[in-house]
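Trainee: The following block contains the structure, expressed as structure tokens.
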Amino acid sequence: VFGPSGAGKTMLMDILAGRVRSMQRTAHLRGSSWRRTSGAVEITKVADDIDATNDANWTRVNSLMDEQLATFVEQDSIGPIAKTFTVRELFTFTANMFKGGLGDSPVEDIVNETIELLGLSQVSDSLVPSLSGGERRRVAIGMDGLLVPARVLFLDEPTSGLSSTDALNLMTVIKDIAVRRNMTVIATMHQPSVALFRTCIDRVLLLSGQNGELAFSGTREGCEAFLKRIGMSSPHDNPADVMIDVVSDDTLSIKCVSKYRTYSRRHPDDPFEAR
């Protein structure tokens, strides 16, 4: 989920995850205006060969969080008490809390697997405050995301404050885990590097700075093609930079939203998946 500050990225994830208690209640957006939310959240059955075009394979849920189908990792979710633990101690404590939903494997095996998946083996016995920014972000994701049973992982600005290299390493690890565990990862992001954008992002939902209106929804490749087709990108641009520049500018944002609405309406079977 991409968009400038104030576009409603985190609010959208709150609604999808069920942290806004009811889809029919009023949500407070952008600190000044009130908007009523509507619609439904549906999730597919668990299967490698699931046919997502078959309505019978979808189930409506009231709250992904309440039904323990999702977990939400905020920007800084490591509390002061957790900072007195080593990585292994913290993961062991968390795994013991949620043991009922983590299968029959011993806690020690679960913790070891999580540490290995996150690339934290070399710092597993180090205190959390002594870790680098990227390592602490991995610990937060492990504690709140991987040791809590869920099918959907929400990440709020997981790369914020990290160097481009650390951000790429973090998202590469997350994508690898998502593939291994058949999880869906939904993350908010500002301006990732071109390497991160093209190797770790599968689908793009772009919100404009104008009241968070939808400026694009589709595949990452489709987004690049869409921006080029409407004359807002070139082969030498970082598409993520172009996206944010466009939706942050009032005039260009209105144009992009309008073009997307017209384009998706006229080309429902567009090969670029601009819908």
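As shown in the structure tokens, the chain order sets the letters A, B, ...; within each chain, residues go from 1, and ligands are also counted from 1 in the order they appear.
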Please identify all polymer residues within 7 Å of A:Gly145, counting only C-alpha atoms, omitting same-chain residues fewer than 4 positions from it, and present them as a list in words.

Mentor: Thr71, Phe72, Val73, Ile141 and Leu153 of chain A

Trainee: Give me the residues within 7 Å of stretch 58-67 of chain A as a PyMOL selection string, counting only C-alpha atoms and dropping any in the same chain fewer than 5 places off.

Mentor: chain A and resi 17-18+40-45

Trainee: Restricting the output to N, CA and C atoms, write the selected residues as a JSON list (two decimals), in the first residue's frame.

Mentor:
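So the final result, stored in result_10.json, reads:
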[["chain", "number", "residue", "atom", "x", "y", "z"],
["A", 17, "ALA", "N", -7.85, -5.27, 8.70],
["A", 17, "ALA", "CA", -7.49, -6.20, 9.77],
["A", 17, "ALA", "C", -8.60, -6.36, 10.80],
["A", 18, "GLY", "N", -9.52, -5.40, 10.84],
["A", 18, "GLY", "CA", -10.58, -5.46, 11.84],
["A", 18, "GLY", "C", -10.24, -4.70, 13.10],
["A", 40, "ALA", "N", -17.02, -5.43, 2.65],
["A", 40, "ALA", "CA", -16.75, -6.68, 3.37],
["A", 40, "ALA", "C", -15.34, -7.15, 3.10],
["A", 41, "VAL", "N", -14.79, -7.93, 4.02],
["A", 41, "VAL", "CA", -13.49, -8.55, 3.87],
["A", 41, "VAL", "C", -13.70, -10.05, 3.69],
["A", 42, "GLU", "N", -13.11, -10.60, 2.64],
["A", 42, "GLU", "CA", -13.21, -12.03, 2.38],
["A", 42, "GLU", "C", -11.83, -12.64, 2.27],
["A", 43, "ILE", "N", -11.72, -13.91, 2.63],
["A", 43, "ILE", "CA", -10.44, -14.62, 2.58],
["A", 43, "ILE", "C", -10.66, -15.98, 1.93],
["A", 44, "THR", "N", -9.66, -16.45, 1.17],
["A", 44, "THR", "CA", -9.81, -17.73, 0.49],
["A", 44, "THR", "C", -9.48, -18.89, 1.42],
["A", 45, "LYS", "N", -9.90, -20.07, 1.02],
["A", 45, "LYS", "CA", -9.52, -21.27, 1.74],
["A", 45, "LYS", "C", -8.02, -21.50, 1.56]]

Trainee: Return the single residue from A:Arg88, A:Lys175, A:Arg180, A:Lys259 that is closest to A:Asn112, with distances computed using only C-alpha atoms.

Mentor: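 Of A:Arg88, A:Lys175, A:Arg180, A:Lys259, the one nearest A:Asn112, counting only C-alpha atoms, is A:Arg88.
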
Trainee: Can you work out the spacing between atom CA of A:Val247 and atom CA of A:Asn169 in Å, to one decimal?

Mentor: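 Straight-line distance from atom CA of A:Val247 to atom CA of A:Asn169 works out to 27.0 Å.
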
Trainee: Considering only C-alpha atoms, can you say which of A:Ala225, A:Met189, A:Leu170, A:Val179 comes closest to A:Ser5?

Mentor: A:Met189

Trainee: Just want the 9 Å neighbourhood of A:Pro239, counted on only C-alpha atoms, with same-chain residues fewer than 6 positions away dropped. Output as a PDB file with C-alpha atoms, in the first residue's frame.

Mentor:
ATOM      1  CA  VAL A 194      13.933   0.308  -7.285  1.00  0.00           C
ATOM      2  CA  PHE A 197      10.141  -2.484  -5.538  1.00  0.00           C
ATOM      3  CA  CYS A 223       1.481  -0.169 -12.199  1.00  0.00           C
ATOM      4  CA  GLU A 224       4.676   0.566 -14.093  1.00  0.00           C
ATOM      5  CA  LEU A 227       2.252   5.142 -15.304  1.00  0.00           C
ATOM      6  CA  SER A 233       7.060   7.693 -16.128  1.00  0.00           C
TER       7      SER A 233
END

Trainee: How far is it from atom CA of A:Leu196 to atom CA of A:Leu168, in Å with one decimal?

Mentor: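 It comes out at 5.2 Å.
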
Trainee: Could you list, as a PyMOL selection string, every residue within 6 Å of A:Pro4, counting only C-alpha atoms and ignoring same-chain residues fewer than 3 positions away?

Mentor: chain A and resi 7+209+248
